[in-house]
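Engineer: Take this structure, written in structure tokens, and hold onto it; I'll ask about it next.
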Amino acid sequence: LKQTIRPNINSLAEGILQGNRIVLSQAITLIESKLEDDQKLSAELLEKIIHATGNSIRIGITGVPGVGKSTFIEKFGMHVTGQGKNIAVLTVDPSSQLSKGSILGDKTRMEELSKNPKAFVRPSPSGSILGGVAYKTHDVIALCEAAGFEVMLIETVGVGQSEVAVKNITDFFLLLMLAGAGDDLQGIKKGVTEMADAIVITKADGDNIKRANAAMSFYQQGLHLLPPSASGWNPKVLTSSAMTGKGIAEIWNMILAYKTQATASGFFLRNRSLQNKTRFKYQFEQVLFSDYMKFETLKENFFSLEQHVGEGNISAASAAEKLLQAYHRAIQEERSRS
Ligand SMILES: Nc1nc2c(ncn2[C@@H]2O[C@H](COP(=O)(O)OP(=O)(O)OP(=O)(O)O)[C@@H](O)[C@H]2O)c(=O)[nH]1
Ligand SMILES: [Mg+2]
């Protein structure tokens, strides 16, 4: 019933472009809504602000639970705002069950940043479809850029494939690691290390400094063995401490250097363009699928075939073909009726 008032898209867009945070928050809620009407309105809204998007550096950040992400973001965010930049912190959290505790913890761990007038901290929507959650975050990034935020920090818990999803919506990918914990413990199979533009060994303070430096040389050697990345950027390894502030300024300068280099080589825009196209394909699949599912009988068809595919009675390929044919017939019938 709350939804009976149709939000005014023009005034939402205007508020966002003026940098009004209350309006920005309302708009994010609209984007995150799963209701079909809201999704149409979201598309309309995004259309109205698209001219003002793109002017930020989008940083993805990941690491196993407890590595120090929230504490790092707090310090890093304060540094970046100290440099006169506005920063928005978003999270992509597909495993909301697993990390419920962390989100609650973040409210206290990012206390200073949350109150900073140049910062905007927004926890993620929860959702079961990882791609969907990340793509909504892609839209939220657009809203934040239109609202004047120049630095985007997209956090994800390093527990699974969410790293790939975040990599696909960001410019620079930062992997936080603990010194001394085995690779397996940190869940970094080759893949995640290969995605990283920088590895930061956290908690390099007190008794831990030695171990952090050892881990840094270890990963520096490891990264040399990887093939060069498409961006032409050589991934860096640094140590940092959110307690002493060590490495924080260095990390920000490194990200600025990356942006300069990737912009000059053309990779920066090429990569974003590719990300947009990938996203467009995903979106198109989604709208097609939901259009299909609007036909009650086709919906039943889908679930029954899904069951058969699961039991191995029919191949996925021919089941999909059957659904496509049924979809074409349903559309034709609908046309001949109208
Ligand atoms: N000594 C030291 N401790 C730190 C540092 N950064 C974080 N910690 C501690 O490590 C613990 C975990 O830090 P968080 O920032 O909550 O880690 P996280 O990666 O956000 O954890 P999740 O949200 O559970 O994924 C906390 O007890 C922090 O106080 C650091 O630079 N030095
Ligand atoms: Mg955290």
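For the structure tokens, the naming scheme is as follows: chains receive sequential letters (A, B, ...) according to their order of presentation, residues are indexed from 1 within each chain, and ligands are indexed from 1 in presentation order.
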Can I get the residues close to ligand 1 as a list in words, where close means within 6 Å and we count only C-alpha atoms and all ligand atoms?
Structural biologist: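 Using only C-alpha atoms and all ligand atoms, everything at most 6 Å from ligand 1 comes to Val64, Pro65, Gly66, Val67, Gly68, Lys69, Ser70, Thr71, Ser102, Val157, Thr202, Lys203, Asp205, Ser241, Ala242 and Met243 of chain A.
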Engineer: Go ahead and save the picked residues with all heavy atoms, as a short mmCIF file (atom, residue, chain, number, x, y, z; two decimals), in the first residue's frame.
Structural biologist:
data_model
loop_
_atom_site.label_atom_id
_atom_site.label_comp_id
_atom_site.auth_asym_id
_atom_site.auth_seq_id
_atom_site.Cartn_x
_atom_site.Cartn_y
_atom_site.Cartn_z
N VAL A 64 39.01 -12.04 2.81
CA VAL A 64 38.26 -12.96 3.67
C VAL A 64 37.71 -12.23 4.90
O VAL A 64 38.24 -11.17 5.28
CB VAL A 64 39.14 -14.15 4.13
CG1 VAL A 64 39.52 -15.04 2.96
CG2 VAL A 64 40.39 -13.66 4.85
N PRO A 65 36.68 -12.78 5.52
CA PRO A 65 36.14 -12.16 6.74
C PRO A 65 37.26 -11.97 7.77
O PRO A 65 38.08 -12.87 7.97
CB PRO A 65 35.12 -13.19 7.24
CG PRO A 65 34.68 -13.93 6.01
CD PRO A 65 35.89 -13.96 5.11
N GLY A 66 37.31 -10.80 8.35
CA GLY A 66 38.30 -10.54 9.39
C GLY A 66 39.62 -9.99 8.88
O GLY A 66 40.50 -9.64 9.66
N VAL A 67 39.79 -9.88 7.56
CA VAL A 67 41.05 -9.38 7.00
C VAL A 67 41.25 -7.90 7.33
O VAL A 67 42.38 -7.40 7.34
CB VAL A 67 41.12 -9.64 5.48
CG1 VAL A 67 40.14 -8.77 4.71
CG2 VAL A 67 42.54 -9.43 4.94
N GLY A 68 40.13 -7.21 7.58
CA GLY A 68 40.22 -5.80 7.93
C GLY A 68 39.61 -4.86 6.90
O GLY A 68 39.97 -3.69 6.85
N LYS A 69 38.66 -5.35 6.12
CA LYS A 69 38.05 -4.52 5.07
C LYS A 69 37.38 -3.27 5.64
O LYS A 69 37.64 -2.15 5.19
CB LYS A 69 37.00 -5.34 4.27
CG LYS A 69 37.58 -6.48 3.48
CD LYS A 69 36.50 -7.22 2.71
CE LYS A 69 35.53 -7.95 3.62
NZ LYS A 69 36.14 -9.00 4.47
N SER A 70 36.51 -3.49 6.63
CA SER A 70 35.74 -2.34 7.15
C SER A 70 36.67 -1.31 7.78
O SER A 70 36.51 -0.10 7.56
CB SER A 70 34.72 -2.83 8.17
OG SER A 70 33.89 -3.80 7.59
N THR A 71 37.62 -1.79 8.55
CA THR A 71 38.55 -0.88 9.21
C THR A 71 39.39 -0.14 8.17
O THR A 71 39.64 1.06 8.30
CB THR A 71 39.48 -1.69 10.16
OG1 THR A 71 38.70 -2.68 10.83
CG2 THR A 71 40.12 -0.80 11.18
N SER A 102 28.70 -9.09 9.90
CA SER A 102 29.62 -8.05 9.44
C SER A 102 28.90 -6.74 9.18
O SER A 102 29.42 -5.68 9.48
CB SER A 102 30.29 -8.48 8.14
OG SER A 102 30.62 -9.83 8.21
N VAL A 157 32.52 -9.53 0.41
CA VAL A 157 33.17 -10.48 1.31
C VAL A 157 33.79 -11.57 0.46
O VAL A 157 33.14 -12.13 -0.42
CB VAL A 157 32.15 -11.10 2.28
CG1 VAL A 157 32.86 -11.94 3.32
CG2 VAL A 157 31.33 -10.03 2.94
N THR A 202 47.33 -6.65 5.09
CA THR A 202 46.76 -5.80 6.14
C THR A 202 47.43 -6.03 7.49
O THR A 202 48.19 -6.99 7.67
CB THR A 202 45.25 -6.06 6.30
OG1 THR A 202 45.07 -7.45 6.56
CG2 THR A 202 44.48 -5.67 5.06
N LYS A 203 47.09 -5.19 8.41
CA LYS A 203 47.52 -5.29 9.82
C LYS A 203 49.04 -5.31 9.97
O LYS A 203 49.59 -6.02 10.81
CB LYS A 203 46.89 -6.52 10.49
CG LYS A 203 45.36 -6.58 10.29
CD LYS A 203 44.70 -7.65 11.10
CE LYS A 203 43.25 -7.83 10.66
NZ LYS A 203 42.51 -8.83 11.42
N ASP A 205 51.36 -3.90 11.51
CA ASP A 205 51.73 -3.07 12.66
C ASP A 205 52.24 -3.97 13.78
O ASP A 205 52.04 -5.19 13.76
CB ASP A 205 50.53 -2.21 13.12
CG ASP A 205 49.24 -3.00 13.17
OD1 ASP A 205 49.19 -4.06 13.80
OD2 ASP A 205 48.24 -2.56 12.54
N SER A 241 48.45 -0.63 7.40
CA SER A 241 47.86 -0.81 8.73
C SER A 241 46.79 0.26 8.92
O SER A 241 47.06 1.45 8.80
CB SER A 241 48.91 -0.65 9.82
OG SER A 241 48.27 -0.45 11.08
N ALA A 242 45.61 -0.18 9.21
CA ALA A 242 44.54 0.78 9.46
C ALA A 242 44.72 1.39 10.85
O ALA A 242 44.15 2.42 11.15
CB ALA A 242 43.18 0.09 9.34
N MET A 243 45.54 0.73 11.68
CA MET A 243 45.76 1.25 13.02
C MET A 243 46.74 2.41 13.00
O MET A 243 46.49 3.45 13.60
CB MET A 243 46.29 0.14 13.92
CG MET A 243 45.29 -0.20 15.01
SD MET A 243 45.63 -1.75 15.82
CE MET A 243 47.24 -1.46 16.52
#
Engineer: Can you pull out every residue within 12 Å of Val23 (chain A), counting only C-alpha atoms, but drop anything in the same chain fewer than 2 positions away, and send it as a VMD selection string?
Structural biologist: chain A and resid 7 to 21 25 to 30 143 to 144 146 to 147
Engineer: Next, write the just-selected residues to a file, as an mmCIF file, in the first residue's frame, keeping C-alpha atoms as the atom set.
Structural biologist:
data_model
loop_
_atom_site.group_PDB
_atom_site.id
_atom_site.type_symbol
_atom_site.label_atom_id
_atom_site.label_comp_id
_atom_site.auth_asym_id
_atom_site.auth_seq_id
_atom_site.Cartn_x
_atom_site.Cartn_y
_atom_site.Cartn_z
ATOM 1 C CA PRO A 7 7.447 8.489 -7.187
ATOM 2 C CA ASN A 8 8.007 11.499 -9.368
ATOM 3 C CA ILE A 9 10.929 10.565 -11.587
ATOM 4 C CA ASN A 10 11.704 14.125 -12.602
ATOM 5 C CA SER A 11 12.044 15.342 -9.064
ATOM 6 C CA LEU A 12 14.062 12.279 -8.091
ATOM 7 C CA ALA A 13 16.475 12.955 -10.965
ATOM 8 C CA GLU A 14 16.673 16.631 -10.053
ATOM 9 C CA GLY A 15 17.401 15.855 -6.409
ATOM 10 C CA ILE A 16 20.116 13.395 -7.336
ATOM 11 C CA LEU A 17 21.790 15.840 -9.706
ATOM 12 C CA GLN A 18 21.766 18.401 -6.897
ATOM 13 C CA GLY A 19 23.534 15.902 -4.646
ATOM 14 C CA ASN A 20 20.631 15.532 -2.236
ATOM 15 C CA ARG A 21 21.411 12.431 -0.147
ATOM 16 C CA SER A 25 18.742 7.063 -0.779
ATOM 17 C CA GLN A 26 15.139 6.986 -1.999
ATOM 18 C CA ALA A 27 16.323 6.411 -5.547
ATOM 19 C CA ILE A 28 18.577 3.557 -4.454
ATOM 20 C CA THR A 29 15.639 1.929 -2.712
ATOM 21 C CA LEU A 30 13.675 2.209 -5.964
ATOM 22 C CA LEU A 143 23.180 7.259 -9.221
ATOM 23 C CA CYS A 144 26.044 8.082 -6.861
ATOM 24 C CA ALA A 146 25.250 11.646 -10.819
ATOM 25 C CA ALA A 147 25.007 12.866 -7.227
#
Engineer: From region 127-255 of chain A, collect each residue whose DSSP state is helix (DSSP H, G or I) and return the set as a ChimeraX atom specification.
Structural biologist: /A:130-146,162-167,190-195,206-224,248-255
Engineer: Do a neighbour search on Glu306 (chain A) at 9 Å with only C-alpha atoms, toss out local chain neighbours closer than 4 positions, and write the hits as a PyMOL selection string.
Structural biologist: chain A and resi 301-302+310-311+316+319
Engineer: Find the residues near region 245-255 of chain A: any atom within 9 Å, counting only C-alpha atoms, skip ones fewer than 6 places away on the same chain, and give them as a list of chain:residue names.
Structural biologist: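 Neighbouring residues, sequence-local ones excluded: A:Ile57, A:Ile59, A:Phe72, A:Lys75, A:Phe76, A:His79, A:Val80, A:Phe172, A:Ala198, A:Val200, A:Ala204, A:Asp205, A:Lys236, A:Leu238, A:Thr239.
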Engineer: Among region 54-290 of chain A, which ones does DSSP place in strand (DSSP E or B), written as a PDB file with N, CA and C atoms, in the first residue's frame?
Structural biologist:
ATOM      1  N   ILE A  57      36.253   7.092 -10.019  1.00  0.00           N
ATOM      2  CA  ILE A  57      37.073   5.896 -10.059  1.00  0.00           C
ATOM      3  C   ILE A  57      36.330   4.867  -9.208  1.00  0.00           C
ATOM      4  N   ARG A  58      36.086   3.706  -9.815  1.00  0.00           N
ATOM      5  CA  ARG A  58      35.313   2.664  -9.128  1.00  0.00           C
ATOM      6  C   ARG A  58      36.275   1.590  -8.628  1.00  0.00           C
ATOM      7  N   ILE A  59      36.356   1.483  -7.327  1.00  0.00           N
ATOM      8  CA  ILE A  59      37.328   0.575  -6.709  1.00  0.00           C
ATOM      9  C   ILE A  59      36.599  -0.607  -6.084  1.00  0.00           C
ATOM     10  N   GLY A  60      36.966  -1.816  -6.495  1.00  0.00           N
ATOM     11  CA  GLY A  60      36.426  -3.020  -5.867  1.00  0.00           C
ATOM     12  C   GLY A  60      37.373  -3.455  -4.772  1.00  0.00           C
ATOM     13  N   ILE A  61      36.829  -3.915  -3.674  1.00  0.00           N
ATOM     14  CA  ILE A  61      37.696  -4.330  -2.573  1.00  0.00           C
ATOM     15  C   ILE A  61      37.162  -5.625  -1.964  1.00  0.00           C
ATOM     16  N   THR A  62      38.054  -6.583  -1.778  1.00  0.00           N
ATOM     17  CA  THR A  62      37.624  -7.861  -1.230  1.00  0.00           C
ATOM     18  C   THR A  62      38.683  -8.450  -0.313  1.00  0.00           C
ATOM     19  N   GLY A  63      38.336  -9.500   0.370  1.00  0.00           N
ATOM     20  CA  GLY A  63      39.230 -10.177   1.304  1.00  0.00           C
ATOM     21  C   GLY A  63      38.397 -11.022   2.241  1.00  0.00           C
ATOM     22  N   ILE A  87      33.274  10.385  -1.378  1.00  0.00           N
ATOM     23  CA  ILE A  87      33.366   8.943  -1.554  1.00  0.00           C
ATOM     24  C   ILE A  87      32.053   8.242  -1.187  1.00  0.00           C
ATOM     25  N   ALA A  88      31.675   7.289  -2.005  1.00  0.00           N
ATOM     26  CA  ALA A  88      30.497   6.463  -1.706  1.00  0.00           C
ATOM     27  C   ALA A  88      30.962   5.029  -1.483  1.00  0.00           C
ATOM     28  N   VAL A  89      30.493   4.433  -0.414  1.00  0.00           N
ATOM     29  CA  VAL A  89      30.868   3.059  -0.082  1.00  0.00           C
ATOM     30  C   VAL A  89      29.639   2.167  -0.219  1.00  0.00           C
ATOM     31  N   LEU A  90      29.738   1.192  -1.108  1.00  0.00           N
ATOM     32  CA  LEU A  90      28.621   0.271  -1.337  1.00  0.00           C
ATOM     33  C   LEU A  90      29.120  -1.145  -1.091  1.00  0.00           C
ATOM     34  N   THR A  91      28.203  -2.050  -0.799  1.00  0.00           N
ATOM     35  CA  THR A  91      28.636  -3.433  -0.639  1.00  0.00           C
ATOM     36  C   THR A  91      27.826  -4.346  -1.551  1.00  0.00           C
ATOM     37  N   VAL A  92      28.506  -5.342  -2.077  1.00  0.00           N
ATOM     38  CA  VAL A  92      27.831  -6.404  -2.819  1.00  0.00           C
ATOM     39  C   VAL A  92      27.934  -7.633  -1.938  1.00  0.00           C
ATOM     40  N   ALA A 119      31.126  11.701   2.701  1.00  0.00           N
ATOM     41  CA  ALA A 119      31.017  10.255   2.478  1.00  0.00           C
ATOM     42  C   ALA A 119      29.564   9.796   2.522  1.00  0.00           C
ATOM     43  N   PHE A 120      29.311   8.736   1.800  1.00  0.00           N
ATOM     44  CA  PHE A 120      27.976   8.140   1.752  1.00  0.00           C
ATOM     45  C   PHE A 120      28.162   6.637   1.874  1.00  0.00           C
ATOM     46  N   VAL A 121      27.662   6.050   2.962  1.00  0.00           N
ATOM     47  CA  VAL A 121      27.855   4.620   3.191  1.00  0.00           C
ATOM     48  C   VAL A 121      26.509   3.925   3.094  1.00  0.00           C
ATOM     49  N   ARG A 122      26.423   2.963   2.212  1.00  0.00           N
ATOM     50  CA  ARG A 122      25.144   2.281   1.992  1.00  0.00           C
ATOM     51  C   ARG A 122      25.360   0.773   1.905  1.00  0.00           C
ATOM     52  N   VAL A 151      34.605   9.033  -5.941  1.00  0.00           N
ATOM     53  CA  VAL A 151      35.280   7.770  -5.630  1.00  0.00           C
ATOM     54  C   VAL A 151      34.217   6.778  -5.165  1.00  0.00           C
ATOM     55  N   MET A 152      34.203   5.603  -5.780  1.00  0.00           N
ATOM     56  CA  MET A 152      33.273   4.546  -5.399  1.00  0.00           C
ATOM     57  C   MET A 152      34.078   3.410  -4.822  1.00  0.00           C
ATOM     58  N   LEU A 153      33.659   2.949  -3.674  1.00  0.00           N
ATOM     59  CA  LEU A 153      34.318   1.796  -3.078  1.00  0.00           C
ATOM     60  C   LEU A 153      33.275   0.695  -2.983  1.00  0.00           C
ATOM     61  N   ILE A 154      33.488  -0.384  -3.707  1.00  0.00           N
ATOM     62  CA  ILE A 154      32.511  -1.476  -3.707  1.00  0.00           C
ATOM     63  C   ILE A 154      33.127  -2.646  -2.953  1.00  0.00           C
ATOM     64  N   GLU A 155      32.564  -2.940  -1.800  1.00  0.00           N
ATOM     65  CA  GLU A 155      33.127  -3.985  -0.950  1.00  0.00           C
ATOM     66  C   GLU A 155      32.381  -5.292  -1.151  1.00  0.00           C
ATOM     67  N   THR A 156      33.133  -6.393  -1.163  1.00  0.00           N
ATOM     68  CA  THR A 156      32.475  -7.684  -1.136  1.00  0.00           C
ATOM     69  C   THR A 156      33.239  -8.608  -0.201  1.00  0.00           C
ATOM     70  N   VAL A 157      32.519  -9.531   0.414  1.00  0.00           N
ATOM     71  CA  VAL A 157      33.172 -10.482   1.309  1.00  0.00           C
ATOM     72  C   VAL A 157      33.790 -11.575   0.458  1.00  0.00           C
ATOM     73  N   PHE A 172      39.194  -0.781 -10.682  1.00  0.00           N
ATOM     74  CA  PHE A 172      40.415  -1.185  -9.986  1.00  0.00           C
ATOM     75  C   PHE A 172      40.046  -2.178  -8.906  1.00  0.00           C
ATOM     76  N   PHE A 173      40.773  -3.276  -8.845  1.00  0.00           N
ATOM     77  CA  PHE A 173      40.394  -4.349  -7.923  1.00  0.00           C
ATOM     78  C   PHE A 173      41.476  -4.563  -6.874  1.00  0.00           C
ATOM     79  N   LEU A 174      41.087  -4.350  -5.624  1.00  0.00           N
ATOM     80  CA  LEU A 174      42.021  -4.396  -4.508  1.00  0.00           C
ATOM     81  C   LEU A 174      41.730  -5.632  -3.662  1.00  0.00           C
ATOM     82  N   LEU A 175      42.760  -6.455  -3.483  1.00  0.00           N
ATOM     83  CA  LEU A 175      42.600  -7.668  -2.676  1.00  0.00           C
ATOM     84  C   LEU A 175      43.349  -7.506  -1.361  1.00  0.00           C
ATOM     85  N   LEU A 176      42.633  -7.571  -0.257  1.00  0.00           N
ATOM     86  CA  LEU A 176      43.278  -7.478   1.052  1.00  0.00           C
ATOM     87  C   LEU A 176      43.624  -8.887   1.537  1.00  0.00           C
ATOM     88  N   MET A 177      44.834  -9.037   2.091  1.00  0.00           N
ATOM     89  CA  MET A 177      45.248 -10.356   2.566  1.00  0.00           C
ATOM     90  C   MET A 177      45.935 -10.257   3.914  1.00  0.00           C
ATOM     91  N   ALA A 198      45.937  -4.805  -7.249  1.00  0.00           N
ATOM     92  CA  ALA A 198      46.868  -4.649  -6.130  1.00  0.00           C
ATOM     93  C   ALA A 198      46.486  -5.600  -5.011  1.00  0.00           C
ATOM     94  N   ILE A 199      47.511  -6.127  -4.347  1.00  0.00           N
ATOM     95  CA  ILE A 199      47.305  -6.934  -3.152  1.00  0.00           C
ATOM     96  C   ILE A 199      47.828  -6.118  -1.980  1.00  0.00           C
ATOM     97  N   VAL A 200      47.005  -5.984  -0.960  1.00  0.00           N
ATOM     98  CA  VAL A 200      47.435  -5.238   0.219  1.00  0.00           C
ATOM     99  C   VAL A 200      47.482  -6.194   1.410  1.00  0.00           C
ATOM    100  N   ILE A 201      48.654  -6.320   2.011  1.00  0.00           N
ATOM    101  CA  ILE A 201      48.781  -7.137   3.216  1.00  0.00           C
ATOM    102  C   ILE A 201      48.384  -6.250   4.392  1.00  0.00           C
ATOM    103  N   LYS A 236      50.462  -4.398  -8.107  1.00  0.00           N
ATOM    104  CA  LYS A 236      51.380  -4.028  -7.035  1.00  0.00           C
ATOM    105  C   LYS A 236      51.046  -4.795  -5.756  1.00  0.00           C
ATOM    106  N   VAL A 237      52.059  -4.947  -4.907  1.00  0.00           N
ATOM    107  CA  VAL A 237      51.821  -5.520  -3.581  1.00  0.00           C
ATOM    108  C   VAL A 237      52.309  -4.521  -2.536  1.00  0.00           C
ATOM    109  N   LEU A 238      51.458  -4.208  -1.573  1.00  0.00           N
ATOM    110  CA  LEU A 238      51.824  -3.247  -0.533  1.00  0.00           C
ATOM    111  C   LEU A 238      51.427  -3.790   0.834  1.00  0.00           C
ATOM    112  N   THR A 239      51.958  -3.173   1.869  1.00  0.00           N
ATOM    113  CA  THR A 239      51.467  -3.496   3.204  1.00  0.00           C
ATOM    114  C   THR A 239      50.761  -2.259   3.752  1.00  0.00           C
TER     115      THR A 239
END
Engineer: With distances taken over only C-alpha atoms, which residue among A:Arg272, A:Arg279, A:Lys85, A:His224 lies nearest Ala134 (chain A)?
Structural biologist: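 Going through A:Arg272, A:Arg279, A:Lys85, A:His224 one by one, the smallest distance to Ala134 (chain A) is for A:Arg279.
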Engineer: Using Å and a single decimal, report how far CA of Met78 (chain A) sits from CA of Asn271 (chain A).
Structural biologist: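 Taking CA of Asn271 (chain A) as the start and CA of Met78 (chain A) as the end point, the length is 28.2 Å.
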Engineer: Using only C-alpha atoms and all ligand atoms, can you tell me which of A:Leu46, A:Ala264, A:Leu269, A:Met110 comes closest to ligand 2?
Structural biologist: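 Looking at the shortest contact to ligand 2, the residue is A:Met110.
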Engineer: Which distance in Å separates CA of Gln286 (chain A) and CA of Ser42 (chain A), to one decimal?
Structural biologist: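 Taking CA of Gln286 (chain A) as the start and CA of Ser42 (chain A) as the end point, the length is 14.8 Å.
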Engineer: Give me the residues within 10 Å of Gln275 (chain A) as a compact mmCIF listing (two decimals) with N, CA and C atoms, in the first residue's frame, counting only C-alpha atoms and dropping any in the same chain fewer than 4 places off.
Structural biologist:
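File written: selection25.txt
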# COMPACT_ATOMS: atom_id res chain seq x y z
N HIS A 138 25.72 -1.78 -9.95
CA HIS A 138 26.21 -1.02 -11.10
C HIS A 138 25.31 0.22 -11.32
N LYS A 167 34.44 -7.37 -9.81
CA LYS A 167 35.44 -7.04 -10.83
C LYS A 167 34.75 -6.50 -12.09
N ASN A 168 33.60 -7.09 -12.40
CA ASN A 168 32.87 -6.72 -13.62
C ASN A 168 32.18 -5.37 -13.57
N ILE A 169 32.16 -4.74 -12.41
CA ILE A 169 31.53 -3.42 -12.34
C ILE A 169 32.50 -2.36 -11.81
N THR A 170 33.79 -2.70 -11.72
CA THR A 170 34.73 -1.72 -11.17
C THR A 170 35.94 -1.52 -12.10
N ASP A 171 36.72 -0.46 -11.81
CA ASP A 171 37.91 -0.14 -12.61
C ASP A 171 39.17 -0.74 -12.01
N LEU A 269 38.40 3.40 -20.64
CA LEU A 269 37.09 3.52 -21.28
C LEU A 269 36.68 2.25 -21.99
N ARG A 270 37.67 1.57 -22.58
CA ARG A 270 37.38 0.31 -23.26
C ARG A 270 36.78 -0.70 -22.29
N ASN A 271 37.38 -0.77 -21.11
CA ASN A 271 36.93 -1.70 -20.09
C ASN A 271 35.51 -1.37 -19.63
N ARG A 279 26.65 -6.07 -19.19
CA ARG A 279 25.51 -5.78 -18.34
C ARG A 279 24.21 -5.72 -19.16
N PHE A 280 24.30 -5.10 -20.32
CA PHE A 280 23.15 -4.98 -21.22
C PHE A 280 22.63 -6.36 -21.62
Engineer: What is the distance between CA of Leu298 (chain A) and CA of Lys281 (chain A), in Å to one decimal?
Structural biologist: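 A separation of 22.6 Å between them.
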